[in-house]
Amino acid sequence: MANLKEVKERITSVVSTQQITKAMKMVSAAKLRRAQDKIIQMRPYSQKLTQILNNVSAASDGATDIVFAEKREVKRVLIIPVTSDKGLCGAFNSNVIKAVNIAVATHFADKDITILPIGKKAFEAFKKRDFKMIADYSQLFQDLNFENVRNAAEFAMNSFIAGEFDQVVLVFNEFKNVATQEIKVEQFLPMAKEENAQEAKAPEVDYILEPSRKYIIEELVPTSLKIQFYKAVLESNASEHGARMTAMDKATENAGELLKELRLMYNRTRQAAITNEILEIVSGANALEAN
């Protein structure tokens, strides 16, 4: 049985750890609220912009060729995994890395794969592998704003236009609620026209466009793609804080359970030590009486 000093040191250590996990939970809760507000505000804007683009494109009768929708034989694939910069958020990062590995092993088994990591954990994970990596945006979350995310989106878009890649795929956690994040593997480029085929057949709004329909589409498409990219990063950011808040809450509960066991062990050890001391005193007294 452990002595009193060892048990007391373990209790002190667990109490200290519990205070840290509780503080991290509170910090994540505050960050989650701000991140959640951002993604909730972004979703309607992104959906409306996509709807307008679909309606305008549908009404163009195919007169406008969208360069970002050009489909090619897929030989070179750019995968963009979005993770966090820090750990202690459960399976948040490992799920993204696992999803990339599964996609590479199944859908892109015979393709030339390149990784554009967003988030320090993705950079560290794929740096150890044999994948080619380009354009280090691993520190993007240190200053998360639209301008920085737009640079990453433009890099991927320009690489697609230049023919360096035939397909661009985003892998990220979509925020559902505090306890639930869903892994998404989305095709970023080329744009998928078939998803809105029904809307394309019957556009709801007939827009009056100036200076021209072609010009509007050429302006809307890059903007829509950048917003889609930014939305994926915001989804991941909110998911990260939700996952960390849940993980730290569970860690705090586990620390509480461990403290109960350690304190019970401490009391038992202390009682055993007292009992042994009493027995030694009684035995000594009996020996003196016998003499």
# chains A, B, ... in the order shown; residues from 1 in each chain; ligands from 1
call {"tool": "select_by_dssp", "arguments": {"residues": "stretch 48-104 of chain A", "states": "strand (DSSP E)", "output": "list of chain:residue names"}}
result
A:Arg76, A:Val77, A:Leu78, A:Ile79, A:Ile80, A:Pro81
call {"tool": "residues_around", "arguments": {"residues": "A:His107", "least_positions_apart": "5", "cutoff": "12 Å", "atoms": "only C-alpha atoms", "output": "list in words"}}
result
Val74, Lys75, Val77, Ile79, Ala99, Val100, Asn101, Ile102, Asp112, Ile113, Gln167, Val169 and Val185 of chain A
call {"tool": "write_last_selection", "arguments": {"atoms": "N, CA and C atoms", "output": "PDB file, in the first residue's frame"}}
result
ATOM      1  N   VAL A  74      -8.913  13.506 -63.499  1.00  0.00           N
ATOM      2  CA  VAL A  74      -8.276  13.754 -62.202  1.00  0.00           C
ATOM      3  C   VAL A  74      -6.993  12.928 -62.093  1.00  0.00           C
ATOM      4  N   LYS A  75      -5.866  13.635 -62.110  1.00  0.00           N
ATOM      5  CA  LYS A  75      -4.556  13.017 -61.911  1.00  0.00           C
ATOM      6  C   LYS A  75      -3.848  13.598 -60.700  1.00  0.00           C
ATOM      7  N   VAL A  77      -4.318  15.861 -57.221  1.00  0.00           N
ATOM      8  CA  VAL A  77      -5.326  16.287 -56.251  1.00  0.00           C
ATOM      9  C   VAL A  77      -4.664  17.084 -55.129  1.00  0.00           C
ATOM     10  N   ILE A  79      -5.364  18.286 -51.424  1.00  0.00           N
ATOM     11  CA  ILE A  79      -6.224  18.075 -50.256  1.00  0.00           C
ATOM     12  C   ILE A  79      -5.873  19.118 -49.203  1.00  0.00           C
ATOM     13  N   ALA A  99      -9.621  10.981 -41.771  1.00  0.00           N
ATOM     14  CA  ALA A  99     -10.458  11.146 -42.966  1.00  0.00           C
ATOM     15  C   ALA A  99      -9.603  11.360 -44.216  1.00  0.00           C
ATOM     16  N   VAL A 100      -8.522  12.114 -44.084  1.00  0.00           N
ATOM     17  CA  VAL A 100      -7.612  12.328 -45.220  1.00  0.00           C
ATOM     18  C   VAL A 100      -6.969  11.007 -45.629  1.00  0.00           C
ATOM     19  N   ASN A 101      -6.506  10.242 -44.649  1.00  0.00           N
ATOM     20  CA  ASN A 101      -5.861   8.952 -44.950  1.00  0.00           C
ATOM     21  C   ASN A 101      -6.823   7.990 -45.644  1.00  0.00           C
ATOM     22  N   ILE A 102      -8.083   7.988 -45.186  1.00  0.00           N
ATOM     23  CA  ILE A 102      -9.091   7.116 -45.813  1.00  0.00           C
ATOM     24  C   ILE A 102      -9.367   7.556 -47.244  1.00  0.00           C
ATOM     25  N   ASP A 112      -1.861  11.638 -57.760  1.00  0.00           N
ATOM     26  CA  ASP A 112      -0.730  12.388 -57.218  1.00  0.00           C
ATOM     27  C   ASP A 112      -1.275  13.353 -56.164  1.00  0.00           C
ATOM     28  N   ILE A 113      -0.983  13.087 -54.905  1.00  0.00           N
ATOM     29  CA  ILE A 113      -1.584  13.839 -53.802  1.00  0.00           C
ATOM     30  C   ILE A 113      -0.630  14.917 -53.294  1.00  0.00           C
ATOM     31  N   GLN A 167      -8.209  18.657 -59.093  1.00  0.00           N
ATOM     32  CA  GLN A 167      -9.285  18.640 -58.105  1.00  0.00           C
ATOM     33  C   GLN A 167      -8.732  19.168 -56.781  1.00  0.00           C
ATOM     34  N   VAL A 169      -9.854  19.450 -52.664  1.00  0.00           N
ATOM     35  CA  VAL A 169     -10.779  18.878 -51.682  1.00  0.00           C
ATOM     36  C   VAL A 169     -10.524  19.478 -50.305  1.00  0.00           C
ATOM     37  N   VAL A 185     -15.860  15.914 -46.093  1.00  0.00           N
ATOM     38  CA  VAL A 185     -14.886  15.842 -47.181  1.00  0.00           C
ATOM     39  C   VAL A 185     -15.586  16.422 -48.403  1.00  0.00           C
TER      40      VAL A 185
END
call {"tool": "closest_residue", "arguments": {"among": "A:Glu164, A:Glu235, A:Glu219, A:Asp130", "to": "A:Gln36", "atoms": "only C-alpha atoms"}}
result
A:Glu235
call {"tool": "closest_residue", "arguments": {"among": "A:Gln181, A:Thr114, A:Ser224, A:Thr21", "to": "A:Phe165", "atoms": "only C-alpha atoms"}}
result
A:Thr114
call {"tool": "select_by_dssp", "arguments": {"residues": "stretch 125-259 of chain A", "states": "alpha helix (DSSP H)", "output": "ChimeraX atom specification"}}
result
/A:125-127,146-161,197-201,213-259
call {"tool": "atom_distance", "arguments": {"atom1": "atom CA of A:Lys8", "atom2": "atom CA of A:Leu262"}}
result
8.3 Å
call {"tool": "residues_around", "arguments": {"residues": "A:Pro190", "least_positions_apart": "4", "cutoff": "8 Å", "atoms": "only C-alpha atoms", "output": "JSON, numbers by chain"}}
result
{"A": [68, 69, 70, 71, 166, 167, 168]}
